[in-house]
Amino acid sequence: MSVRIVTDSTADLPPETVAELGITVVPLHVFFGEEAYEDGVTITKDEFYTKLTAHGAPTPTTSAPSAGAFAAAFQSAGEACEVVSIHLSSELSATHTSALLGREQSGLMERVDVLDSGTVSAGLGLLVTQAAQMALKGAARTEIVQSVRESIPRTWFFGALGTLEYLRRGGRIGRAAAFLGSMLHVKPIIGFHDGAIYPIERVRGRGRALQRVRQLIADYGTMASVAVGHTTDEDGMIAVEGFVQEYAPDLPIAHFHCGATIGTYLGPDAFGLALIQAAA
């Protein structure tokens with residue numbers, strides 16, 4: 001029995017990766033006032049950031065997919081498939097809960113596993129990619145679930161933001177609230193691990209932010225997989241890619257562009273990376 005991998009749009013996977021690995025992506029919803037969009041389906045990333053930064057634009061909000069959307073995704077896998085469904089941290093969204101309800105509604109309880117990744121964006125994307133590659137090689141559902149669960153504690157996502165304002169507006173500031181302030185040209189560096197956003201440092205200027213991210217990469221030891229990305233600072237992403245190559249010249253590096261859901265909270269001018277540490 002083959003295994004299909006399902007995730008949500010906050011994994012920020014490139015379309016070519018989704019197609020190549022046969023991943024099913026269930027979109028979250030993004031709202032600008034009364035205007036409703038499906039992340040990555042009815043609004044592109046470029047369209048989203050144009051709207052986000054437009055003068056006088058309303059602050060966007062997000063919502064999880066319905067349980068019915070997940071039930072349909074699980075059922076579409078077909079009678080001959082099992083499913084591993086991996087989603088953003090339940091500390092940030094009701095998406096994981098919707099997926100659990102969707103499993104119940106699908107009538108496929110015994111063939112579907114729903115996992116809370118404890119992370120988001122490229123961190124989630126790396127876990128989903130790992131699972132999908134195992135599925136393509138014929139791994140059993142139990143093997144895939146065990147591998148993902150073992151990788152979750154070793155998965156880290158961090159980088160520099162243009163501002164904390166978007167996290168504040170979205171109510172996702174958490175412990176990073178210590179960074180709130182109006183210091184000119186300060187770039188907050190934050191991390192995401194174990195379901196929570198945490199502050200790392202405030203540095204003055206983009207150049208220092210890049211160098212601090214460079215230092216952080218060395219702190220995580222040997223990497224099993226890595227991805228670099230951005231919201232609207234592609235040059236920052238490319239610089240981070242160069243730092244990764246200094247420490248792991250032979251490691252393939254995935255790229256991600258944060259979509260509408262994650263962009264709602266990170267805002268423009270952010271760059272960073274996600275990694276899964278090698279097992280001890």
# chains A, B, ... in the order shown; residues from 1 in each chain; ligands from 1
$ residues_around --residues "Lys51 of chain A" --least-positions-apart "6" --cutoff "12 Å" --atoms "only C-alpha atoms" --output "list in words"
Val30, Phe31, Phe32, Gly33, Glu35, Ile43, Thr44, Lys45, Ala57, Pro58, Thr59, Pro60, Ala260, Gly263, Thr264, Gly267 and Pro268 of chain A
$ write_last_selection --atoms "C-alpha atoms" --output "PDB file, in the first residue's frame"
ATOM      1  CA  VAL A  30      -5.991  34.942   4.120  1.00  0.00           C
ATOM      2  CA  PHE A  31      -8.266  37.972   4.457  1.00  0.00           C
ATOM      3  CA  PHE A  32      -7.732  41.624   3.591  1.00  0.00           C
ATOM      4  CA  GLY A  33     -10.831  43.124   5.133  1.00  0.00           C
ATOM      5  CA  GLU A  35     -11.491  40.081   0.544  1.00  0.00           C
ATOM      6  CA  ILE A  43      -3.391  34.900  -4.486  1.00  0.00           C
ATOM      7  CA  THR A  44       0.251  34.642  -5.518  1.00  0.00           C
ATOM      8  CA  LYS A  45       3.132  35.540  -3.255  1.00  0.00           C
ATOM      9  CA  ALA A  57      -4.085  48.478   3.217  1.00  0.00           C
ATOM     10  CA  PRO A  58      -5.987  46.655   5.978  1.00  0.00           C
ATOM     11  CA  THR A  59      -3.992  44.330   8.210  1.00  0.00           C
ATOM     12  CA  PRO A  60      -4.448  40.805   6.841  1.00  0.00           C
ATOM     13  CA  ALA A 260       0.648  34.783   2.256  1.00  0.00           C
ATOM     14  CA  GLY A 263       4.076  36.669   5.269  1.00  0.00           C
ATOM     15  CA  THR A 264       1.126  37.997   7.262  1.00  0.00           C
ATOM     16  CA  GLY A 267       6.153  40.951   7.086  1.00  0.00           C
ATOM     17  CA  PRO A 268       8.393  42.190   4.273  1.00  0.00           C
TER      18      PRO A 268
END
$ residues_around --residues "Val25 of chain A" --least-positions-apart "6" --cutoff "8 Å" --atoms "only C-alpha atoms" --output "PyMOL selection string"
chain A and resi 6-9+18
$ write_last_selection --atoms "C-alpha atoms" --output "PDB file, in the first residue's frame"
ATOM      1  CA  VAL A   6      -0.417  15.843   2.886  1.00  0.00           C
ATOM      2  CA  THR A   7       0.532  19.223   4.341  1.00  0.00           C
ATOM      3  CA  ASP A   8      -0.759  22.786   4.450  1.00  0.00           C
ATOM      4  CA  SER A   9       0.274  25.913   2.586  1.00  0.00           C
ATOM      5  CA  VAL A  18       5.105  19.609  -4.670  1.00  0.00           C
TER       6      VAL A  18
END
$ residues_around --residues "segment 238-248 of chain A" --least-positions-apart "2" --cutoff "7 Å" --atoms "only C-alpha atoms" --output "ChimeraX atom specification"
/A:214,228,234-236,250-251,272
$ closest_residue --among "A:Thr129, A:Ile253, A:Ile5, A:Ala69" --to "Arg103 of chain A" --atoms "only C-alpha atoms"
A:Ala69
$ residues_around --residues "Val112 of chain A" --least-positions-apart "2" --cutoff "7 Å" --atoms "only C-alpha atoms" --output "mmCIF file with C-alpha atoms, in the first residue's frame"
data_model
loop_
_atom_site.group_PDB
_atom_site.id
_atom_site.type_symbol
_atom_site.label_atom_id
_atom_site.label_comp_id
_atom_site.auth_asym_id
_atom_site.auth_seq_id
_atom_site.Cartn_x
_atom_site.Cartn_y
_atom_site.Cartn_z
ATOM 1 C CA GLU A 82 -2.294 5.476 3.340
ATOM 2 C CA VAL A 83 -1.684 9.090 4.373
ATOM 3 C CA VAL A 84 0.780 10.965 6.570
ATOM 4 C CA ARG A 103 -9.461 12.387 9.488
ATOM 5 C CA LEU A 108 -10.178 6.625 6.978
ATOM 6 C CA MET A 109 -9.085 6.826 10.620
ATOM 7 C CA GLU A 110 -7.071 3.616 10.431
ATOM 8 C CA VAL A 114 -1.800 13.513 11.499
#
$ residues_around --residues "Ile276 of chain A" --least-positions-apart "6" --cutoff "6 Å" --atoms "only C-alpha atoms" --output "ChimeraX atom specification"
/A:154-155,223-225
$ closest_residue --among "A:Val226, A:Ala94, A:Val213, A:Ile152" --to "Ala67 of chain A" --atoms "only C-alpha atoms"
A:Ala94
$ select_by_dssp --residues "segment 11-252 of chain A" --states "helix (DSSP H, G or I)" --output "count of residues only"
110
$ residues_around --residues "Ala139 of chain A" --least-positions-apart "6" --cutoff "9 Å" --atoms "only C-alpha atoms" --output "mmCIF file with C-alpha atoms, in the first residue's frame"
data_model
loop_
_atom_site.group_PDB
_atom_site.id
_atom_site.type_symbol
_atom_site.label_atom_id
_atom_site.label_comp_id
_atom_site.auth_asym_id
_atom_site.auth_seq_id
_atom_site.Cartn_x
_atom_site.Cartn_y
_atom_site.Cartn_z
ATOM 1 C CA SER A 2 1.550 3.301 -1.069
ATOM 2 C CA VAL A 3 1.783 6.360 1.183
ATOM 3 C CA GLN A 133 11.098 11.293 -0.360
#
$ closest_residue --among "A:Ala196, A:Leu52, A:Cys258, A:Leu273" --to "Ser93 of chain A" --atoms "only C-alpha atoms"
A:Ala196
$ atom_distance --atom1 "atom CA of Ala227 of chain A" --atom2 "atom CA of Ser121 of chain A"
10.1 Å
$ closest_residue --among "A:Ser90, A:Leu126, A:Met134, A:Gln277" --to "Asp219 of chain A" --atoms "only C-alpha atoms"
A:Gln277
$ select_by_dssp --residues "segment 41-269 of chain A" --states "strand (DSSP E)" --output "ChimeraX atom specification"
/A:61-63,81-87,112-116,155-160,186-193,196-204,223-230,253-257
$ write_last_selection --atoms "N, CA and C atoms" --output "short mmCIF file (atom, residue, chain, number, x, y, z; two decimals), in the first residue's frame"
data_model
loop_
_atom_site.label_atom_id
_atom_site.label_comp_id
_atom_site.auth_asym_id
_atom_site.auth_seq_id
_atom_site.Cartn_x
_atom_site.Cartn_y
_atom_site.Cartn_z
N THR A 61 -5.55 38.99 7.97
CA THR A 61 -5.75 37.96 8.98
C THR A 61 -5.76 36.61 8.28
N THR A 62 -5.64 35.56 9.06
CA THR A 62 -5.58 34.21 8.49
C THR A 62 -6.52 33.28 9.23
N SER A 63 -6.90 32.18 8.58
CA SER A 63 -7.68 31.15 9.26
C SER A 63 -7.31 29.79 8.70
N CYS A 81 -4.25 3.82 -0.84
CA CYS A 81 -3.18 4.60 -0.22
C CYS A 81 -3.40 4.81 1.27
N GLU A 82 -2.29 4.97 1.98
CA GLU A 82 -2.29 5.48 3.34
C GLU A 82 -1.80 6.91 3.30
N VAL A 83 -2.00 7.66 4.38
CA VAL A 83 -1.68 9.09 4.37
C VAL A 83 -0.92 9.46 5.64
N VAL A 84 0.12 10.29 5.46
CA VAL A 84 0.78 10.97 6.57
C VAL A 84 0.59 12.46 6.34
N SER A 85 -0.10 13.11 7.26
CA SER A 85 -0.47 14.52 7.12
C SER A 85 0.31 15.33 8.16
N ILE A 86 1.14 16.26 7.70
CA ILE A 86 2.09 16.98 8.58
C ILE A 86 1.79 18.47 8.50
N HIS A 87 1.66 19.12 9.67
CA HIS A 87 1.17 20.50 9.67
C HIS A 87 1.93 21.42 10.62
N VAL A 112 -4.77 7.01 8.25
CA VAL A 112 -4.25 8.38 8.22
C VAL A 112 -3.60 8.73 9.55
N ASP A 113 -2.36 9.21 9.48
CA ASP A 113 -1.67 9.79 10.65
C ASP A 113 -1.59 11.30 10.46
N VAL A 114 -1.88 12.05 11.52
CA VAL A 114 -1.80 13.51 11.50
C VAL A 114 -0.74 13.94 12.50
N LEU A 115 0.29 14.65 12.04
CA LEU A 115 1.42 15.03 12.89
C LEU A 115 1.51 16.54 13.06
N ASP A 116 1.80 16.97 14.27
CA ASP A 116 2.09 18.36 14.59
C ASP A 116 3.60 18.53 14.47
N THR A 155 14.68 20.13 14.45
CA THR A 155 14.31 21.08 13.39
C THR A 155 14.26 22.50 13.96
N TRP A 156 14.96 23.41 13.29
CA TRP A 156 15.07 24.80 13.74
C TRP A 156 14.79 25.74 12.58
N PHE A 157 14.19 26.87 12.89
CA PHE A 157 13.85 27.88 11.88
C PHE A 157 14.17 29.24 12.50
N PHE A 158 15.07 30.01 11.87
CA PHE A 158 15.44 31.31 12.44
C PHE A 158 15.87 32.27 11.34
N GLY A 159 15.85 33.55 11.68
CA GLY A 159 16.26 34.55 10.72
C GLY A 159 16.00 35.96 11.21
N ALA A 160 16.20 36.92 10.33
CA ALA A 160 16.07 38.34 10.66
C ALA A 160 14.81 38.91 10.03
N VAL A 186 16.92 48.91 13.60
CA VAL A 186 17.19 47.68 14.34
C VAL A 186 16.50 46.50 13.64
N LYS A 187 17.25 45.40 13.47
CA LYS A 187 16.71 44.18 12.87
C LYS A 187 16.57 43.13 13.97
N PRO A 188 15.36 42.73 14.29
CA PRO A 188 15.20 41.66 15.28
C PRO A 188 15.52 40.30 14.65
N ILE A 189 16.29 39.50 15.36
CA ILE A 189 16.59 38.13 14.94
C ILE A 189 15.83 37.20 15.87
N ILE A 190 14.98 36.37 15.29
CA ILE A 190 14.14 35.48 16.09
C ILE A 190 14.31 34.04 15.62
N GLY A 191 13.88 33.13 16.47
CA GLY A 191 13.89 31.72 16.12
C GLY A 191 12.53 31.11 16.37
N PHE A 192 12.33 29.93 15.82
CA PHE A 192 11.10 29.18 16.06
C PHE A 192 11.48 27.73 16.29
N HIS A 193 11.08 27.22 17.46
CA HIS A 193 11.40 25.83 17.80
C HIS A 193 10.44 25.36 18.87
N ALA A 196 7.21 27.44 19.53
CA ALA A 196 7.20 28.81 20.04
C ALA A 196 8.22 29.69 19.34
N ILE A 197 7.85 30.97 19.23
CA ILE A 197 8.77 31.99 18.75
C ILE A 197 9.62 32.45 19.93
N TYR A 198 10.92 32.60 19.71
CA TYR A 198 11.78 33.08 20.80
C TYR A 198 12.76 34.12 20.27
N PRO A 199 13.10 35.12 21.10
CA PRO A 199 14.03 36.15 20.67
C PRO A 199 15.47 35.67 20.72
N ILE A 200 16.26 36.07 19.75
CA ILE A 200 17.68 35.74 19.75
C ILE A 200 18.52 36.99 20.02
N GLU A 201 18.27 38.04 19.24
CA GLU A 201 19.09 39.24 19.40
C GLU A 201 18.49 40.38 18.60
N ARG A 202 18.83 41.62 18.97
CA ARG A 202 18.54 42.78 18.14
C ARG A 202 19.87 43.34 17.67
N VAL A 203 19.99 43.56 16.38
CA VAL A 203 21.22 44.13 15.84
C VAL A 203 20.86 45.35 15.00
N ARG A 204 21.80 46.26 14.89
CA ARG A 204 21.55 47.48 14.14
C ARG A 204 22.02 47.30 12.70
N MET A 223 24.43 19.48 9.76
CA MET A 223 23.05 19.59 9.29
C MET A 223 22.71 18.41 8.38
N ALA A 224 21.53 17.82 8.61
CA ALA A 224 21.06 16.76 7.73
C ALA A 224 20.39 17.34 6.49
N SER A 225 19.70 18.45 6.67
CA SER A 225 19.06 19.15 5.54
C SER A 225 18.90 20.61 5.91
N VAL A 226 18.78 21.45 4.89
CA VAL A 226 18.72 22.89 5.13
C VAL A 226 17.97 23.56 4.00
N ALA A 227 17.31 24.65 4.33
CA ALA A 227 16.62 25.48 3.33
C ALA A 227 16.83 26.94 3.69
N VAL A 228 17.00 27.78 2.70
CA VAL A 228 17.12 29.22 2.91
C VAL A 228 15.94 29.90 2.23
N GLY A 229 15.53 31.05 2.78
CA GLY A 229 14.37 31.70 2.19
C GLY A 229 14.20 33.14 2.61
N HIS A 230 13.05 33.71 2.18
CA HIS A 230 12.81 35.13 2.42
C HIS A 230 11.33 35.44 2.23
N ILE A 253 20.89 22.63 -0.90
CA ILE A 253 20.19 23.70 -0.20
C ILE A 253 18.87 23.98 -0.92
N ALA A 254 17.78 23.80 -0.21
CA ALA A 254 16.47 24.12 -0.77
C ALA A 254 16.19 25.61 -0.61
N HIS A 255 15.29 26.13 -1.46
CA HIS A 255 14.91 27.55 -1.40
C HIS A 255 13.41 27.65 -1.12
N PHE A 256 13.05 28.65 -0.34
CA PHE A 256 11.62 28.87 -0.11
C PHE A 256 11.32 30.36 -0.13
N HIS A 257 10.12 30.66 -0.56
CA HIS A 257 9.60 32.03 -0.59
C HIS A 257 8.34 32.02 0.25
#
$ atom_distance --atom1 "atom CA of Ala131 of chain A" --atom2 "atom CA of Val148 of chain A"
6.8 Å
$ closest_residue --among "A:Ala270, A:Leu216, A:Leu100, A:Ala54" --to "Thr163 of chain A" --atoms "only C-alpha atoms"
A:Ala270
$ atom_distance --atom1 "atom CA of Met237 of chain A" --atom2 "atom CA of Gly259 of chain A"
15.0 Å
$ closest_residue --among "A:Ala140, A:Ala274, A:Ala64, A:His29" --to "Leu127 of chain A" --atoms "only C-alpha atoms"
A:Ala274
